[in-house]
>>> print(open('my_file_4.cif').read())   # mmCIF, N, CA and C atoms
data_protein
loop_
_atom_site.label_atom_id
_atom_site.label_comp_id
_atom_site.auth_asym_id
_atom_site.auth_seq_id
_atom_site.Cartn_x
_atom_site.Cartn_y
_atom_site.Cartn_z
N MET K 1 0.85 -1.17 0.00
CA MET K 1 0.00 0.00 0.00
C MET K 1 0.89 1.23 0.00
N GLU K 2 0.72 2.10 -0.95
CA GLU K 2 1.51 3.32 -1.02
C GLU K 2 0.74 4.46 -0.42
N ASP K 3 1.47 5.36 0.17
CA ASP K 3 0.87 6.49 0.87
C ASP K 3 1.68 7.72 0.51
N ASN K 4 1.03 8.79 0.16
CA ASN K 4 1.72 9.97 -0.33
C ASN K 4 2.07 10.98 0.75
N THR K 5 1.96 10.61 2.01
CA THR K 5 2.26 11.55 3.09
C THR K 5 3.74 11.60 3.40
N GLY K 6 4.50 10.64 2.88
CA GLY K 6 5.92 10.61 3.18
C GLY K 6 6.24 9.82 4.43
N GLN K 7 5.22 9.30 5.11
CA GLN K 7 5.43 8.49 6.29
C GLN K 7 4.84 7.11 6.06
N ALA K 8 5.48 6.13 6.68
CA ALA K 8 4.95 4.77 6.59
C ALA K 8 3.71 4.67 7.46
N PRO K 9 2.77 3.81 7.10
CA PRO K 9 1.61 3.61 7.96
C PRO K 9 2.06 3.14 9.34
N ALA K 10 1.30 3.48 10.37
CA ALA K 10 1.67 3.18 11.75
C ALA K 10 1.91 1.70 11.98
N GLU K 11 1.19 0.85 11.29
CA GLU K 11 1.33 -0.58 11.55
C GLU K 11 2.50 -1.21 10.81
N SER K 12 3.14 -0.48 9.93
CA SER K 12 4.23 -1.06 9.14
C SER K 12 5.53 -1.06 9.92
N GLY K 13 6.51 -1.75 9.38
CA GLY K 13 7.84 -1.79 9.97
C GLY K 13 8.77 -0.85 9.25
N GLY K 14 8.25 0.14 8.54
CA GLY K 14 9.04 1.07 7.75
C GLY K 14 10.10 1.78 8.57
N GLU K 15 11.14 2.24 7.91
CA GLU K 15 12.24 2.92 8.58
C GLU K 15 11.82 4.28 9.11
N VAL K 16 12.30 4.58 10.30
CA VAL K 16 11.99 5.83 10.97
C VAL K 16 13.07 6.86 10.72
N ASP K 17 14.34 6.42 10.69
CA ASP K 17 15.46 7.35 10.60
C ASP K 17 16.56 6.83 9.70
N ASP K 18 17.64 7.61 9.60
CA ASP K 18 18.75 7.23 8.73
C ASP K 18 19.60 6.09 9.29
N ARG K 19 19.32 5.67 10.52
CA ARG K 19 20.00 4.50 11.10
C ARG K 19 19.29 3.21 10.71
N GLY K 20 18.15 3.34 10.06
CA GLY K 20 17.39 2.16 9.67
C GLY K 20 16.48 1.63 10.76
N THR K 21 16.22 2.45 11.77
CA THR K 21 15.32 2.06 12.85
C THR K 21 13.91 1.85 12.29
N THR K 22 13.33 0.71 12.57
CA THR K 22 11.97 0.44 12.09
C THR K 22 10.94 0.99 13.06
N GLN K 23 9.68 1.01 12.65
CA GLN K 23 8.60 1.44 13.54
C GLN K 23 8.58 0.58 14.80
N THR K 24 8.74 -0.72 14.63
CA THR K 24 8.73 -1.64 15.77
C THR K 24 9.88 -1.34 16.72
N GLU K 25 11.06 -1.11 16.17
CA GLU K 25 12.21 -0.78 17.00
C GLU K 25 12.03 0.58 17.69
N GLY K 26 11.46 1.53 16.97
CA GLY K 26 11.19 2.85 17.54
C GLY K 26 10.25 2.77 18.72
N ARG K 27 9.20 1.97 18.58
CA ARG K 27 8.27 1.79 19.70
C ARG K 27 8.96 1.15 20.90
N ALA K 28 9.83 0.17 20.62
CA ALA K 28 10.57 -0.50 21.69
C ALA K 28 11.50 0.47 22.41
N ILE K 29 12.15 1.36 21.67
CA ILE K 29 13.02 2.38 22.26
C ILE K 29 12.21 3.26 23.21
N LEU K 30 11.06 3.73 22.76
CA LEU K 30 10.23 4.60 23.58
C LEU K 30 9.73 3.88 24.83
N LYS K 31 9.33 2.62 24.68
CA LYS K 31 8.86 1.85 25.84
C LYS K 31 9.98 1.63 26.86
N LYS K 32 11.18 1.30 26.36
CA LYS K 32 12.32 1.09 27.26
C LYS K 32 12.66 2.37 28.00
N LEU K 33 12.66 3.49 27.29
CA LEU K 33 12.96 4.77 27.93
C LEU K 33 11.90 5.10 28.98
N ARG K 34 10.64 4.93 28.61
CA ARG K 34 9.53 5.20 29.56
C ARG K 34 9.67 4.34 30.81
N ASP K 35 9.91 3.06 30.62
CA ASP K 35 9.95 2.13 31.75
C ASP K 35 11.19 2.32 32.62
N ALA K 36 12.35 2.56 31.99
CA ALA K 36 13.60 2.68 32.74
C ALA K 36 13.85 4.08 33.29
N GLY K 37 13.35 5.09 32.61
CA GLY K 37 13.68 6.44 33.01
C GLY K 37 12.55 7.28 33.55
N PHE K 38 11.31 6.81 33.37
CA PHE K 38 10.16 7.61 33.76
C PHE K 38 9.12 6.82 34.53
N GLU K 39 9.60 5.82 35.27
CA GLU K 39 8.74 5.01 36.14
C GLU K 39 7.54 4.41 35.41
N GLY K 40 7.71 4.13 34.13
CA GLY K 40 6.62 3.54 33.35
C GLY K 40 5.50 4.51 33.03
N SER K 41 5.74 5.80 33.24
CA SER K 41 4.68 6.81 33.09
C SER K 41 4.69 7.46 31.70
N ASP K 42 3.59 7.27 30.96
CA ASP K 42 3.45 7.94 29.67
C ASP K 42 3.45 9.46 29.85
N GLU K 43 2.85 9.91 30.94
CA GLU K 43 2.75 11.35 31.21
C GLU K 43 4.13 11.98 31.39
N LYS K 44 4.98 11.33 32.17
CA LYS K 44 6.33 11.86 32.41
C LYS K 44 7.17 11.83 31.15
N LEU K 45 7.04 10.76 30.36
CA LEU K 45 7.78 10.67 29.10
C LEU K 45 7.29 11.75 28.14
N ALA K 46 5.99 11.95 28.07
CA ALA K 46 5.43 12.98 27.19
C ALA K 46 5.98 14.36 27.55
N LEU K 47 6.06 14.65 28.83
CA LEU K 47 6.58 15.93 29.29
C LEU K 47 8.05 16.10 28.86
N ALA K 48 8.84 15.05 29.05
CA ALA K 48 10.26 15.10 28.69
C ALA K 48 10.46 15.28 27.18
N LEU K 49 9.57 14.66 26.39
CA LEU K 49 9.68 14.75 24.93
C LEU K 49 9.02 16.00 24.36
N GLY K 50 8.24 16.68 25.20
CA GLY K 50 7.53 17.87 24.73
C GLY K 50 6.40 17.53 23.78
N ARG K 51 5.77 16.40 24.01
CA ARG K 51 4.67 15.93 23.17
C ARG K 51 3.45 15.63 24.03
N PRO K 52 2.26 15.66 23.44
CA PRO K 52 1.05 15.32 24.21
C PRO K 52 1.07 13.85 24.66
N VAL K 53 0.51 13.59 25.82
CA VAL K 53 0.48 12.23 26.35
C VAL K 53 -0.27 11.30 25.40
N GLU K 54 -1.29 11.81 24.72
CA GLU K 54 -2.05 10.97 23.77
C GLU K 54 -1.16 10.49 22.63
N GLU K 55 -0.22 11.32 22.23
CA GLU K 55 0.70 10.93 21.16
C GLU K 55 1.64 9.83 21.65
N VAL K 56 2.16 9.98 22.85
CA VAL K 56 3.03 8.95 23.43
C VAL K 56 2.27 7.63 23.55
N GLN K 57 1.04 7.69 24.03
CA GLN K 57 0.22 6.48 24.14
C GLN K 57 -0.03 5.86 22.77
N GLY K 58 -0.21 6.69 21.76
CA GLY K 58 -0.38 6.20 20.40
C GLY K 58 0.85 5.49 19.89
N TRP K 59 2.02 6.03 20.18
CA TRP K 59 3.26 5.39 19.74
C TRP K 59 3.46 4.06 20.44
N THR K 60 3.33 4.06 21.76
CA THR K 60 3.60 2.83 22.50
C THR K 60 2.53 1.77 22.25
N GLY K 61 1.33 2.21 21.90
CA GLY K 61 0.25 1.28 21.61
C GLY K 61 0.19 0.84 20.15
N GLY K 62 0.97 1.50 19.30
CA GLY K 62 1.03 1.12 17.89
C GLY K 62 0.05 1.85 16.99
N ALA K 63 -0.73 2.80 17.53
CA ALA K 63 -1.73 3.49 16.72
C ALA K 63 -1.15 4.70 15.97
N GLU K 64 -0.04 5.24 16.46
CA GLU K 64 0.59 6.42 15.85
C GLU K 64 1.91 6.03 15.21
N THR K 65 2.27 6.73 14.15
CA THR K 65 3.55 6.52 13.49
C THR K 65 4.65 7.24 14.27
N VAL K 66 5.71 6.51 14.58
CA VAL K 66 6.86 7.07 15.27
C VAL K 66 7.69 7.84 14.24
N ASP K 67 8.12 9.06 14.60
CA ASP K 67 8.92 9.84 13.64
C ASP K 67 10.36 9.98 14.11
N ASP K 68 11.21 10.41 13.19
CA ASP K 68 12.64 10.50 13.48
C ASP K 68 12.95 11.50 14.59
N ASP K 69 12.18 12.58 14.69
CA ASP K 69 12.43 13.59 15.71
C ASP K 69 12.27 13.02 17.11
N VAL K 70 11.22 12.26 17.34
CA VAL K 70 11.00 11.71 18.68
C VAL K 70 12.04 10.65 19.02
N ILE K 71 12.47 9.88 18.04
CA ILE K 71 13.51 8.87 18.30
C ILE K 71 14.83 9.56 18.64
N MET K 72 15.15 10.63 17.92
CA MET K 72 16.37 11.38 18.19
C MET K 72 16.32 11.98 19.61
N LYS K 73 15.18 12.53 19.98
CA LYS K 73 15.02 13.08 21.34
C LYS K 73 15.14 11.97 22.38
N ALA K 74 14.51 10.85 22.13
CA ALA K 74 14.56 9.73 23.08
C ALA K 74 15.99 9.25 23.28
N ARG K 75 16.74 9.14 22.20
CA ARG K 75 18.14 8.71 22.31
C ARG K 75 18.95 9.73 23.11
N GLY K 76 18.71 11.01 22.88
CA GLY K 76 19.42 12.05 23.62
C GLY K 76 19.11 12.02 25.11
N ILE K 77 17.84 11.86 25.45
CA ILE K 77 17.43 11.78 26.86
C ILE K 77 18.06 10.55 27.52
N ALA K 78 18.03 9.43 26.81
CA ALA K 78 18.61 8.20 27.36
C ALA K 78 20.11 8.37 27.60
N LYS K 79 20.79 8.99 26.65
CA LYS K 79 22.23 9.21 26.79
C LYS K 79 22.52 10.10 28.00
N GLU K 80 21.77 11.20 28.14
CA GLU K 80 21.96 12.13 29.26
C GLU K 80 21.76 11.42 30.61
N ARG K 81 20.81 10.50 30.64
CA ARG K 81 20.46 9.84 31.90
C ARG K 81 21.19 8.51 32.10
N GLY K 82 22.01 8.12 31.13
CA GLY K 82 22.76 6.87 31.25
C GLY K 82 21.87 5.63 31.17
N ILE K 83 20.81 5.72 30.36
CA ILE K 83 19.87 4.61 30.23
C ILE K 83 20.14 3.88 28.90
N GLU K 84 20.29 2.58 28.97
CA GLU K 84 20.52 1.75 27.78
C GLU K 84 19.17 1.42 27.17
N ILE K 85 18.91 1.92 25.94
CA ILE K 85 17.62 1.66 25.30
C ILE K 85 17.75 0.87 24.00
N GLU K 86 18.97 0.63 23.55
CA GLU K 86 19.14 -0.12 22.30
C GLU K 86 20.10 -1.26 22.50
#
>>> encode(input="my_file_4.cif", output="structure tokens")
Amino acid sequence: MEDNTGQAPAESGGEVDDRGTTQTEGRAILKKLRDAGFEGSDEKLALALGRPVEEVQGWTGGAETVDDDVIMKARGIAKERGIEIE
């Protein structure tokens, strides 16, 4: 299925960034960061990422497409906090 928005559908395993991170891997990164660095709280992760909690819930639940910006932010936060997410 082709889509002209420039983003892969949320359910696909399409690449998120230039490292070749897939949607599935991106979701796993966000979940690991949330669980290890934010007490499992979508609200706290959303605040740290500067995104609405509904968007974070969409990413971790698979309903929203993960984008390269959020993965880059997640990697930066993990690095600052010494959290292994990959």
>>> resolve_selection(input="my_file_4.cif", expression="the PyMOL selection byres (((chain K and resi 46-55 and name CA) around 8) and name CA)", output="MDAnalysis selection string")
chainID K and resid 42:45 56:59 64 70 73:74
>>> closest_residue(input="my_file_4.cif", among="K:Gln23, K:Gly40, K:Lys32, K:Thr65", to="Ile83 of chain K", atoms="only N, CA and C atoms")
K:Lys32
>>> resolve_selection(input="my_file_4.cif", expression="the PyMOL selection byres ((chain K and resi 16) around 8)", output="PyMOL selection string")
chain K and resi 8+13-15+17-24+26+66-69+71
>>> atom_distance(input="my_file_4.cif", atom1="atom CA of Glu84 of chain K", atom2="atom CA of Gly62 of chain K")
21.9 Å
>>> atom_distance(input="my_file_4.cif", atom1="atom N of Arg81 of chain K", atom2="atom N of Gly61 of chain K")
22.9 Å
>>> atom_distance(input="my_file_4.cif", atom1="atom CA of Ile77 of chain K", atom2="atom N of Asp35 of chain K")
12.1 Å
>>> select_by_dssp(input="my_file_4.cif", residues="segment 25-81 of chain K", states="helix (DSSP H, G or I)", output="JSON, numbers by chain")
{"K": [25, 26, 27, 28, 29, 30, 31, 32, 33, 34, 35, 36, 37, 42, 43, 44, 45, 46, 47, 48, 49, 53, 54, 55, 56, 57, 58, 59, 60, 61, 68, 69, 70, 71, 72, 73, 74, 75, 76, 77, 78, 79, 80, 81]}
